[in-house]
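Working notes, structure below.
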Amino acid sequence: APGAGPDAKQTLDPAKPVAITVGTLPAGDYAPLYVAEAEGYFEEEGLDVTIEIIAGGAVGVTQLVSGDLQFSSATWTNVLSAVSQGLELQVVREGSDSNKEGINGLIAADGSGIESVEDLRGKTLSVNTLASATETQIRDCLATAGLDEGDYELVEVPFPEVGAAVTQGRIAAGFVPEPFITIGKSQGLSSILATSVCNETQRNSTIVTWNTSRAYAEENPAVVAAFVRAMDKATKLVIDDPQVLIDILPTFTTLTPDLAAAITSPSFVEDGTPNIDGAERAMKLMLKYGLLEEPLEDLSQYAWQGE
Amino acid sequence: MTEATTKTTWMGVVRRPRRDYRRVREFGIRWGALLALGLVWELAARIAESPFFPPVSAIIERFVEIWFSGSPSSLFLTERVGTDIVPSLVRMLGGWSIAVVFAIVLGVAIGRSRVLGDYVEPIIHFVRAIPPPALIPIFLILLGFGNEMRVALIAFAVIWPVLLNTIDGVRSVESLHLDTGRVFEFDRRKVFFGVVLPSAAPKIFAGLRVSLSVALIVMVISEMVGKPDGIGFVILGAQRNFRMLDMWAGILLLGILGYVLNAILALVESRVTRWHRGAREGLS
Amino acid sequence: MTITTTATDLLTIEGLGHVYEGRQRHEAIGRLDFTVPEGAFISIVGPSGCGKTTMLRCLSGLMKPTRGTVLLQGEPVLGVPRDLALVFQDYSRSLFPWRTVAGNIAFVLPRRGLTAAERKARIDESLDAVGLTGSADKYPWQLSGGMQQRVAIARALAYRPKILLMDEPFASVDAQTRAELEDLMLAVRERFSMTILFVTHDIDESVYLADRVLVLSKSPSTIVATIDVDLPRPRDQVSTRELDQFVQLRSGIARMIRDQSTRRPTATASTDAAA
Amino acid sequence: MTITTTATDLLTIEGLGHVYEGRQRHEAIGRLDFTVPEGAFISIVGPSGCGKTTMLRCLSGLMKPTRGTVLLQGEPVLGVPRDLALVFQDYSRSLFPWRTVAGNIAFVLPRRGLTAAERKARIDESLDAVGLTGSADKYPWQLSGGMQQRVAIARALAYRPKILLMDEPFASVDAQTRAELEDLMLAVRERFSMTILFVTHDIDESVYLADRVLVLSKSPSTIVATIDVDLPRPRDQVSTRELDQFVQLRSGIARMIRDQSTRRPTATASTDAAA
Amino acid sequence: MAVLTQTPKPARARRSRAGGGSAKRTSIIRGMIGLVVLFVVAELISRSGIVDEAFLPPTSLVLVRTGELLVDPGFIGAVLATLQAWAIGLSICIVVAVSLGVVLGSSRGAYSASRAVIEFLRPIPSVALIPLAILVFGNDAEMKIALIVFSTLWPVLFNTIYGMHDVDPIAKLTAQSFGRGRIATLFSVSLPSAAPFIFTGIRIAASVALIVAVSAELLAGASDGLGRWMLDAGATGNRPDLVYAATIIAGLLGLAINGVLVLIERRFLSWQPALRPTGKGSE
Ligand SMILES: Nc1ncnc2c1ncn2[C@@H]1O[C@H](COP(=O)(O)OP(=O)(O)OP(=O)(O)O)[C@@H](O)[C@H]1O
Ligand SMILES: Nc1ncnc2c1ncn2[C@@H]1O[C@H](COP(=O)(O)OP(=O)(O)OP(=O)(O)O)[C@@H](O)[C@H]1O
Ligand SMILES: [Mg+2]
Ligand SMILES: [Mg+2]
């Protein structure tokens with residue numbers, strides 16, 4: 001790659017674009033990536049970006065290490081899990097956080113008698129993936145509401161199936177993000193717990209991070225810097241003009257334009273500098289719920305220090 | 001053919017020792033090959049040092065630690081055997097047996113009746129091409145997250161190889177055998193159990209073998225949703241947390257389970273189709 | 001016991017014809033009309049490939065002929081009639097390889113109405129009759145060709161059918177055994193009052209056994225001759241075969257078959273060569 | 001052409017014995033010692049199940065005998081010798097159902113050294129010889145038993161082997177065809193100077209065809225008699241069979257076989273019954 | 001005298017295979033009837049109210065969506081991506097599995113040497129290998145193809161081995177007696193005789209390959225293909241109707257693939273007892 005080495009200039013030549021592959025998922029939280037591509041921000045920075053859909057944060061991390069991807073989206077939880085197992089990663093940017101009501105939550109069927117968190121005692125509820133950030137989030141929220149780990153049972157249900165499962169009474173409530181909350185409203189389902197803002201920890205926690213491997217970051221600081229700048233610019237655009245999001249959503253998801261306009265938009269982070277405090281909080285929850293066995297030292301080493 | 005062998009047999013010495021020798025050699029070759037594979041892996045892993053491909057020795061160590069480091073009183077099994085292995089096995093065998101019975105009965109019916117075959121074969125080929133993961137939502141909706149869903153999913157996926165092989169086996173039953181049955185007034189049951197099943201047995205067993213490994217595969221898929229228990233969840237959870245050793249231990253467990261189940265099946269098979277081997281090998 | 005036309009007709013075959021369809025259409029049987037009196041022993045001879053096996057398949061109800069009808073006691077044969085047994089020409093394929101010799105025989109015995117001892121007796125008796133006493137526990141593929149053929153015969157005999165169709169049943173056994181089996185057939189026919197249709201290529205045998213010999217033309221087959229055999233019974237391997245009448249009959253039939261086999265046009269008229 | 005002891009020995013069989021192992025051990029062949037001179041036509045007769053098929057398998061190198069050696073021109077037979085063909089007793093199973101009659105024959109022809117026209121000529125010629133001219137494009141399962149057997153014979157003939165082993169090759173064909181095939185065998189033997197070993201249950205046939213008849217005892221088999229047949233050649237279906245010598249030979253052999261078949265202890269001494 | 005009773009078997013009309021065309025037509029019509037019945041039953045279940053229509057849309061609606069999808073270029077592109085991986089994977093599988101099966105089916109030594117390894121590898125589910133496959137092959141076609149080959153190998157391999165063991169020994173002896181060596185016997189007798197059975201294996205493998213392709217896309221979120229498309233339709237749009245429509249198309253693909261294979265089998269393996277035009281006594 002051109003401009004390699006720590007002392008090299010932090011900009012690339014747009015005339016000789018560097019090809020990179022970025023892994024992500026087709027959902028609202030990742031819209032800035034698509035915006036940056038659509039608006040030509042990557043091109044301006046001298047990047048030729050290919051977007052590749054990944055199976056999930058964890059697999060994306062694997063692909064970073066194998067060199068298949070240069071950047072990919074995940075969560076702090078994914079990253080900390082990976083580094084605890086010796087995979088060298090760096091978080092370059094945070095994409096969205098949880099500081100907004102209505103972006104995700106526990107939904108239950110109207111008239112099923114489940115109206116508050118207290119009604120969940122002894123019941124079964126669902127998350128989409130266990131051993132992930134969502135599991136720690138739900139457990140943390142329920143603990144705040146006074147439910148201990150033994151008071152409920154967690155099962156895995158993919159988001160699209162939660163509505164049917166709740167309606168049929170197979171589970172008392174299920175965790176879903178947007179657009180399923182909005183869609184659920186029209187199907188007689190309502191949110192009984194806004195998990196994004198259920199306590200101070202959650203209110204301040206990061207949802208999406210953009211990551212690369214340590215090796216790549218060290219060898220290509222200019223590429224990372226260019227990527228970060230383009231993403232920041234796109235994030236700012238999305239925050240400033242909500243219509244940009246509404247317009248771009250139907251292009252990379254199967255959301256209809258009407259639905260795209262109706263849903264609660266994600267809480268994008270204006271300053272995406274990796275937040276070490278957020279990482280600390282994520283680590284504490286991971287330790288508490290058994291996703292990590294030992295605490296990790298000096299989390300800042302996993303954050304890209306940048307320009 | 002040497003003079004020596006001539007003499008030993010001539011004097012009535014039984015030729016047992018030679019056959020035992022062959023068995024021992026076969027045994028040696030079989031396990032030697034597996035051992036060699038393991039050694040190659042070990043070496044390659046030690047040289048490559050990839051976090052994703054740990055050496056076999058480490059995998060085995062972890063494997064023993066997770067499931068077989070219990071107290072002597074519990075036969076060295078750990079508690080996790082109860083949450084990881086037992087539920088998986090019960091579901092798998094349940095789904096498999098249901099599917100097998102159903103597939104054989106249906107397969108014989110279709111193999112024997114052109115008309116029935118005409119009606120249902122398109123349905124079969126349509127349905128069997130549907131990927132089980134794509135059916136998880138429907139099964140979830142109709143059967144919930146419990147064992148029913150998982151057993152049904154396993155049964156659904158397992159049925160096809162057995163069904164197809166049964167149909168094929170039944171259609172290629174020696175027609176003179178069927179005629180013989182008709183001449184001697186065999187009733188349906190006798191034709192089914194006495195003529196069709198035995199003669200289709202070798203092919204049905206080929207289907208059973210394939211289906212057994214399909215059952216293990218779908219068992220894993222089915223454990224990716226719903227209650228977090230079973231081998232599938234162990235592997236999946238390990239993957240999510242980058243615990244490569246745990247994941248490999250799980251894969252090793254699947255391999256061993258598959259091997260053992262298959263060995264049992266092979267034993268049954270060699271009992272049931274002894275005539276077949278005799279008839280096929282007796283001449284050469 | 002000689003057959004007179006007044007005896008009841010067990011089987012009536014009218015205008016029987018069969019065409020094998022397929023890419024290569026083949027008319028196997030042209031037209032056959034004949035009757036089988038109850039208790040008769042009828043031999044059928046004819047050149048190779050003339051349709052004898054096809055005819056037995058049609059008579060037994062295993063195959064539906066393309067033309068004509070087969071009546072059993074006046075009723076059309078639709079399925080395989082109860083009390084009918086068939087010894088297939090392709091004996092090695094008609095034995096079940098997954099059953100022992102005894103198992104193959106036991107298999108065709110009715111499930112009810114026989115005690116275990118009776119079953120065993122029947123098996124032993126029939127195996128003994130064909131000279132295979134020691135082979136009860138062997139598998140068919142452990143036997144020689146002739147032994148397999150005898151197992152197929154034993155199986156049919158143990159079944160004690162009323163009508164027995166046999167398709168070249170002695171083709172693979174040695175001369176001595178063959179003679180013994182011929183006499184066995186005559187004995188069981190008397191003992192169980194069977195009606196027997198017997199396809200053979202051995203002209204001596206056809207005359208020696210039968211009350212009547214049907215000579216078929218080559219394919220598409222018709223009946224060239226129906227020859228009543230009036231040789232005295234009981235028959236004897238030596239003395240019967242020495243009778244002038246026997247020698248005449250066999251040479252007459254041999255001539256008819258020779259005429260059929262050589263590639264000359266099929267003889268038209270059905271003649272009674274002897275009797 | 002008569003065989004004298006000075007002729008070269010093509011095959012030498014010394015102390016041949018075979019035991020089928022398995023749960024039911026069976027000693028099929030006791031001990032056989034004989035030689036086959038080059039160009040000889042040897043008939044083998046013996047009771048059903050005595051080990052004739054087993055013997056042919058051992059001679060052809062398809063099966064390894066448990067005892068003894070088979071020498072071909074002084075060399076031990078290990079695999080199947082080139083230029084050897086075998087007509088199996090189980091003809092219907094030895095034909096390949098996925099090939100037509102012509103395809104079955106073409107299969108055995110050498111891949112090189114024959115032009116397409118020559119191949120075709122060989123196929124047509126051999127089918128014609130067995131009287132199956134019109135059936136070249138049929139599949140074996142579309143043929144009658146006798147026709148299948150003739151295909152197997154045609155296949156062996158088209159191969160033009162130097163040594164031809166035949167296991168009851170005419171069991172399923174009619175008398176007339178049989179006579180024609182017998183003469184065919186004599187003719188091809190002369191024309192291609194083949195050495196032929198011929199298993200049959202028809203004693204007349206064994207004498208009519210052969211230079212020498214081997215009579216086997218019942219299983220475990222030994223040679224009961226080796227009978228040189230000094231009948232004049234060329235042989236003729238009518239006149240040869242009328243010769244006194246022929247009648248003597250056949251009744252002598254028939255007696256020996258009868259002695260073997262009936263359940264008496266095996267005759268011990270090997271006697272030359274005739275000649 | 002004894003009265004002979006006839007089996008009270010109804011006259012079973014032996015279907016004339018003479019007019020091959022009309023017989024084929026009847027069986028196609030019957031097949032259509034079968035499928036129609038299947039859809040009617042599904043429609044009844046979805047309309048019965050056991051499950052809310054929002055989650056299990058009526059079959060008729062799904063069929064309409066299926067029709068729409070068939071002309072949607074984006075969707076067709078996804079299907080083609082899946083089919084490409086399918087075709088490549090299956091071809092590799094057939095070549096590898098049949099040759100391996102022939103070797104293992106004809107050599108005792110090779111068979112026993114490979115048995116433990118095969119029996120050990122075979123039950124390892126391809127889904128458990130997805131992360132590793134992604135690691136080694138990346139997240140696109142190669143990964144799918146590798147998984148397809150790994151999982152379709154077994155049915156073809158096993159059916160080949162079984163088929164090889166099922167060859168009539170007399171047929172093999174015949175070839176040997178005419179001077180054919182081991183190899184020639186293998187190709188001219190064992191292989192044709194085992195062909196129908198190998199073919200059954202290929203038919204099983206063909207649908208397993210499709211299943212694995214779609215599953216890999218669905219579970220690994222491969223970058224392109226039918227499964228990816230279903231994933232998106234479900235996860236981001238909550239469109240169960242589209243998901244089920246795509247599922248139906250997966251089934252239809254399987255049906256079409258099977259149809260082609262059956263035609264091939266009829267053309268090349270028509271000598272089998274089951275396919276003979278005038279099967280003796282086969283009914
Ligand atoms: N399945 C079939 N398809 C087509 N043609 C057939 C079929 N079976 C028999 N044939 C033909 O029908 C004719 C009669 O056959 P069949 O088996 O009845 O003869 P056969 O009299 O029993 O002869 P053989 O004495 O040789 O056994 C033969 O010419 C044969 O080619
Ligand atoms: N595969 C086998 N396993 C065990 N025993 C066998 C096997 N094949 C043949 N035998 C036995 O060996 C003996 C000789 O068989 P073989 O087939 O050689 O007889 P044969 O002389 O050809 O008789 P036939 O005239 O009836 O064909 C028989 O008693 C038979 O039971
Ligand atoms: Mg016949
Ligand atoms: Mg024999």
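FYI, nothing fancy with the structure tokens labels: chains A, B, ... in order, residues from 1 per chain, ligands from 1 as they appear.
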
Exercise for review: Determine which residues of chain B sit within 8 Å of chain A, taking into account only C-alpha atoms, and present them as number ranges by chain.
Suggested key: B: 51, 137, 140-141, 144-145, 224-228, 237, 239-243

Review point. Among range 23-265 of chain C, which residues carry a DSSP assignment of helix (DSSP H, G or I), reported as a VMD selection string?
Key: chain C and resid 52 to 59 91 to 94 101 to 108 116 to 129 133 to 135 140 to 142 145 to 158 175 to 192 203 to 209 239 to 242 244 to 261

Exercise for review: Could you please select, counting only C-alpha atoms, the residues of chain C within 6 Å of chain B and state them as a PyMOL selection string?
Suggested key: chain C and resi 85+94+98+108+141

Exercise for review: Report as a PyMOL selection string the set of chain C residues whose atoms approach chain D to within 8 Å, with distances computed over only C-alpha atoms.
Suggested key: chain C and resi 24+46-49+51+53+89-90+92+138+143-147+168+171-177+201-203+254+257-258+261

Give me the residues near range 230-245 of chain C as an mmCIF file with N, CA, C and O atoms, in the first residue's frame, where near means some atom within 12 Å (using only C-alpha atoms) and where sequence neighbours in that chain fewer than 5 positions away do not count.
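Below you can see part02.cif, which holds the result:
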data_model
loop_
_atom_site.group_PDB
_atom_site.id
_atom_site.type_symbol
_atom_site.label_atom_id
_atom_site.label_comp_id
_atom_site.auth_asym_id
_atom_site.auth_seq_id
_atom_site.Cartn_x
_atom_site.Cartn_y
_atom_site.Cartn_z
ATOM 1 N N MET C 1 -54.038 -94.215 -15.666
ATOM 2 C CA MET C 1 -55.109 -93.237 -15.822
ATOM 3 C C MET C 1 -54.912 -92.479 -17.126
ATOM 4 O O MET C 1 -53.946 -91.764 -17.292
ATOM 5 N N THR C 2 -55.787 -92.653 -18.043
ATOM 6 C CA THR C 2 -55.675 -91.883 -19.279
ATOM 7 C C THR C 2 -56.748 -90.811 -19.291
ATOM 8 O O THR C 2 -57.772 -90.908 -18.620
ATOM 9 N N ILE C 3 -56.459 -89.798 -20.065
ATOM 10 C CA ILE C 3 -57.379 -88.668 -20.099
ATOM 11 C C ILE C 3 -58.377 -88.853 -21.232
ATOM 12 O O ILE C 3 -58.006 -89.128 -22.369
ATOM 13 N N THR C 4 -59.612 -88.726 -20.938
ATOM 14 C CA THR C 4 -60.629 -88.766 -21.985
ATOM 15 C C THR C 4 -61.226 -87.380 -22.107
ATOM 16 O O THR C 4 -61.109 -86.558 -21.195
ATOM 17 N N ALA C 175 -28.162 -87.009 -15.655
ATOM 18 C CA ALA C 175 -29.110 -87.957 -16.236
ATOM 19 C C ALA C 175 -29.791 -88.824 -15.182
ATOM 20 O O ALA C 175 -31.009 -89.022 -15.194
ATOM 21 N N GLN C 176 -29.011 -89.286 -14.229
ATOM 22 C CA GLN C 176 -29.559 -90.185 -13.227
ATOM 23 C C GLN C 176 -30.566 -89.455 -12.334
ATOM 24 O O GLN C 176 -31.681 -89.904 -12.113
ATOM 25 N N ARG C 178 -32.086 -86.828 -13.026
ATOM 26 C CA ARG C 178 -33.210 -86.461 -13.863
ATOM 27 C C ARG C 178 -34.235 -87.595 -13.902
ATOM 28 O O ARG C 178 -35.438 -87.366 -13.709
ATOM 29 N N ALA C 179 -33.779 -88.777 -14.109
ATOM 30 C CA ALA C 179 -34.689 -89.916 -14.153
ATOM 31 C C ALA C 179 -35.430 -90.055 -12.829
ATOM 32 O O ALA C 179 -36.646 -90.283 -12.784
ATOM 33 N N GLU C 180 -34.686 -89.868 -11.743
ATOM 34 C CA GLU C 180 -35.332 -89.981 -10.431
ATOM 35 C C GLU C 180 -36.386 -88.895 -10.248
ATOM 36 O O GLU C 180 -37.474 -89.130 -9.728
ATOM 37 N N LEU C 181 -36.044 -87.688 -10.690
ATOM 38 C CA LEU C 181 -36.996 -86.587 -10.538
ATOM 39 C C LEU C 181 -38.225 -86.811 -11.410
ATOM 40 O O LEU C 181 -39.349 -86.483 -11.011
ATOM 41 N N GLU C 182 -38.022 -87.382 -12.595
ATOM 42 C CA GLU C 182 -39.173 -87.682 -13.459
ATOM 43 C C GLU C 182 -40.138 -88.609 -12.739
ATOM 44 O O GLU C 182 -41.343 -88.366 -12.693
ATOM 45 N N ASP C 183 -39.571 -89.646 -12.144
ATOM 46 C CA ASP C 183 -40.447 -90.571 -11.440
ATOM 47 C C ASP C 183 -41.082 -89.910 -10.224
ATOM 48 O O ASP C 183 -42.231 -90.192 -9.880
ATOM 49 N N LEU C 184 -40.315 -89.002 -9.612
ATOM 50 C CA LEU C 184 -40.893 -88.257 -8.486
ATOM 51 C C LEU C 184 -42.118 -87.479 -8.931
ATOM 52 O O LEU C 184 -43.152 -87.462 -8.267
ATOM 53 N N MET C 185 -42.009 -86.834 -10.074
ATOM 54 C CA MET C 185 -43.144 -86.053 -10.566
ATOM 55 C C MET C 185 -44.361 -86.931 -10.767
ATOM 56 O O MET C 185 -45.486 -86.557 -10.421
ATOM 57 N N LEU C 186 -44.129 -88.095 -11.365
ATOM 58 C CA LEU C 186 -45.260 -88.997 -11.594
ATOM 59 C C LEU C 186 -45.878 -89.420 -10.265
ATOM 60 O O LEU C 186 -47.098 -89.480 -10.126
ATOM 61 N N ALA C 187 -45.016 -89.650 -9.283
ATOM 62 C CA ALA C 187 -45.525 -90.094 -7.983
ATOM 63 C C ALA C 187 -46.328 -88.999 -7.295
ATOM 64 O O ALA C 187 -47.433 -89.232 -6.813
ATOM 65 N N ARG C 189 -47.761 -86.492 -8.599
ATOM 66 C CA ARG C 189 -48.972 -86.218 -9.353
ATOM 67 C C ARG C 189 -50.096 -87.165 -8.895
ATOM 68 O O ARG C 189 -51.219 -86.763 -8.600
ATOM 69 N N GLU C 190 -49.752 -88.457 -8.780
ATOM 70 C CA GLU C 190 -50.737 -89.428 -8.322
ATOM 71 C C GLU C 190 -51.172 -89.125 -6.900
ATOM 72 O O GLU C 190 -52.356 -89.067 -6.585
ATOM 73 N N ILE C 203 -37.321 -84.530 -25.541
ATOM 74 C CA ILE C 203 -38.522 -85.115 -26.147
ATOM 75 C C ILE C 203 -38.888 -86.437 -25.479
ATOM 76 O O ILE C 203 -40.052 -86.709 -25.195
ATOM 77 N N ASP C 204 -37.873 -87.248 -25.178
ATOM 78 C CA ASP C 204 -38.131 -88.495 -24.458
ATOM 79 C C ASP C 204 -38.898 -88.206 -23.177
ATOM 80 O O ASP C 204 -39.892 -88.849 -22.845
ATOM 81 N N GLU C 205 -38.375 -87.213 -22.467
ATOM 82 C CA GLU C 205 -38.985 -86.860 -21.195
ATOM 83 C C GLU C 205 -40.436 -86.433 -21.381
ATOM 84 O O GLU C 205 -41.324 -86.830 -20.621
ATOM 85 N N SER C 206 -40.673 -85.630 -22.416
ATOM 86 C CA SER C 206 -42.035 -85.134 -22.623
ATOM 87 C C SER C 206 -43.005 -86.280 -22.840
ATOM 88 O O SER C 206 -44.118 -86.258 -22.332
ATOM 89 N N VAL C 207 -42.543 -87.270 -23.575
ATOM 90 C CA VAL C 207 -43.428 -88.408 -23.839
ATOM 91 C C VAL C 207 -43.542 -89.300 -22.601
ATOM 92 O O VAL C 207 -44.625 -89.721 -22.223
ATOM 93 N N TYR C 208 -42.419 -89.506 -21.979
ATOM 94 C CA TYR C 208 -42.395 -90.422 -20.836
ATOM 95 C C TYR C 208 -43.345 -89.964 -19.730
ATOM 96 O O TYR C 208 -44.034 -90.768 -19.110
ATOM 97 N N LEU C 209 -43.405 -88.647 -19.515
ATOM 98 C CA LEU C 209 -44.182 -88.142 -18.393
ATOM 99 C C LEU C 209 -45.659 -87.944 -18.707
ATOM 100 O O LEU C 209 -46.516 -88.164 -17.854
ATOM 101 N N ALA C 210 -45.933 -87.525 -19.944
ATOM 102 C CA ALA C 210 -47.221 -86.857 -20.172
ATOM 103 C C ALA C 210 -48.368 -87.766 -20.576
ATOM 104 O O ALA C 210 -48.187 -88.898 -21.011
ATOM 105 N N ASP C 211 -49.562 -87.191 -20.417
ATOM 106 C CA ASP C 211 -50.755 -87.759 -21.005
ATOM 107 C C ASP C 211 -50.943 -87.162 -22.391
ATOM 108 O O ASP C 211 -51.613 -87.721 -23.240
ATOM 109 N N ARG C 212 -50.358 -85.968 -22.549
ATOM 110 C CA ARG C 212 -50.568 -85.272 -23.813
ATOM 111 C C ARG C 212 -49.364 -84.351 -24.020
ATOM 112 O O ARG C 212 -48.878 -83.759 -23.063
ATOM 113 N N VAL C 213 -48.919 -84.285 -25.261
ATOM 114 C CA VAL C 213 -47.796 -83.396 -25.568
ATOM 115 C C VAL C 213 -48.283 -82.320 -26.526
ATOM 116 O O VAL C 213 -48.939 -82.628 -27.522
ATOM 117 N N ARG C 250 -41.836 -90.438 -29.913
ATOM 118 C CA ARG C 250 -40.735 -89.499 -29.773
ATOM 119 C C ARG C 250 -40.131 -89.120 -31.114
ATOM 120 O O ARG C 250 -39.756 -87.971 -31.323
ATOM 121 N N SER C 251 -40.065 -90.075 -32.031
ATOM 122 C CA SER C 251 -39.467 -89.669 -33.299
ATOM 123 C C SER C 251 -40.426 -88.779 -34.077
ATOM 124 O O SER C 251 -40.011 -87.866 -34.786
ATOM 125 N N GLY C 252 -41.724 -89.023 -33.918
ATOM 126 C CA GLY C 252 -42.701 -88.121 -34.560
ATOM 127 C C GLY C 252 -42.541 -86.696 -34.067
ATOM 128 O O GLY C 252 -42.483 -85.741 -34.847
ATOM 129 N N ALA C 274 -49.472 -88.885 -33.897
ATOM 130 C CA ALA C 274 -49.583 -90.254 -33.390
ATOM 131 C C ALA C 274 -50.955 -90.453 -32.763
ATOM 132 O O ALA C 274 -51.769 -89.545 -32.725
ATOM 133 N N ALA C 275 -51.179 -91.593 -32.264
ATOM 134 C CA ALA C 275 -52.388 -91.956 -31.558
ATOM 135 C C ALA C 275 -53.640 -91.958 -32.439
ATOM 136 O O ALA C 275 -53.626 -91.444 -33.545
#

Review point. Between E:Leu186, E:Val41, E:Ala116, E:Val36, which one has atoms that come closest to chain B, using only C-alpha atoms?
Key: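 That would be E:Ala116, the residue with the smallest distance to chain B.
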
Would you give me, as a compact mmCIF listing (two decimals) with C-alpha atoms, in the first residue's frame, the residues of chain B that come within 6 Å of chain E, using only C-alpha atoms?
# COMPACT_ATOMS: atom_id res chain seq x y z
CA GLU B 26 -6.94 -54.25 8.60
CA ILE B 29 -4.26 -49.91 8.62
CA ARG B 30 -7.54 -48.33 9.57
CA ALA B 33 -4.36 -43.88 8.76
CA LEU B 34 -6.29 -41.85 11.30
CA ASP B 118 -46.42 -40.35 -9.82
CA TYR B 119 -48.50 -38.40 -7.35
CA VAL B 120 -46.06 -37.82 -4.57
CA PRO B 122 -42.77 -34.21 -7.31
CA ILE B 123 -43.81 -33.20 -3.81
CA HIS B 125 -38.37 -33.52 -4.72
CA PHE B 126 -39.88 -30.13 -4.11
CA VAL B 127 -39.83 -30.36 -0.35
CA ALA B 129 -34.77 -29.19 -1.85
CA ILE B 130 -35.85 -26.71 0.80
CA PRO B 131 -32.91 -25.94 3.05
CA ARG B 171 -37.66 -50.68 -7.56
CA SER B 172 -34.63 -52.80 -8.25
CA SER B 175 -38.58 -59.14 -10.46
CA VAL B 210 -25.87 -41.07 4.97
CA SER B 213 -24.52 -37.95 9.45
CA ILE B 217 -25.57 -31.87 10.94
CA LEU B 254 -19.18 -34.70 16.76
CA GLY B 255 -16.64 -36.75 14.88
CA GLY B 258 -20.62 -39.93 14.39
CA TYR B 259 -18.01 -42.62 14.34
CA ARG B 280 -21.40 -61.23 -3.50

Closest atom pairs, chain A residues within 6 Å of chain E, only C-alpha atoms, as a Markdown table:
| residue | atom | partner | partner_atom | distance |
| --- | --- | --- | --- | --- |
| A:Glu52 | CA | E:Ser223 | CA | 5.8 |
| A:Ile53 | CA | E:Ser223 | CA | 5.0 |
| A:Ile54 | CA | E:Gly221 | CA | 5.5 |
| A:Ala55 | CA | E:Gly221 | CA | 4.1 |
| A:Gln63 | CA | E:Leu135 | CA | 6.0 |
| A:Ser66 | CA | E:Leu135 | CA | 5.9 |
| A:Asp68 | CA | E:Gly138 | CA | 6.0 |
| A:Pro160 | CA | E:Ala235 | CA | 5.7 |
| A:Ala164 | CA | E:Phe55 | CA | 5.7 |
| A:Thr253 | CA | E:Thr236 | CA | 5.9 |
| A:Thr254 | CA | E:Gly237 | CA | 4.9 |
| A:Leu255 | CA | E:Gly237 | CA | 4.6 |

Practice item. Taking only C-alpha atoms into account, report as an MDAnalysis selection string which residues of chain C lie within 7 Å of chain E. Key: chainID C and resid 20:22 62:63 78:83

Review point. When DSSP works through the backbone of this structure, what residues of range 10-197 of chain D end up as strand (DSSP E), shown as a ChimeraX atom specification?
Key: /D:10-20,26-37,41-45,67-72,75-76,84-87,163-167,195-197

Review point. Which distance in Å separates CA of Gly146 in chain B and CA of Ile114 in chain A, to one decimal?
Key: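 Atom-to-atom, CA of Gly146 in chain B to CA of Ile114 in chain A, that is 21.2 Å.
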
Exercise for review: Considering only C-alpha atoms, return as a ChimeraX atom specification whatever protein or nucleic-acid residues lie within 7 Å of range 208-214 of chain A, sequence-local ones (same chain, fewer than 2 positions apart) excluded.
Suggested key: /A:64-65,70-76,88-97,206,216-218
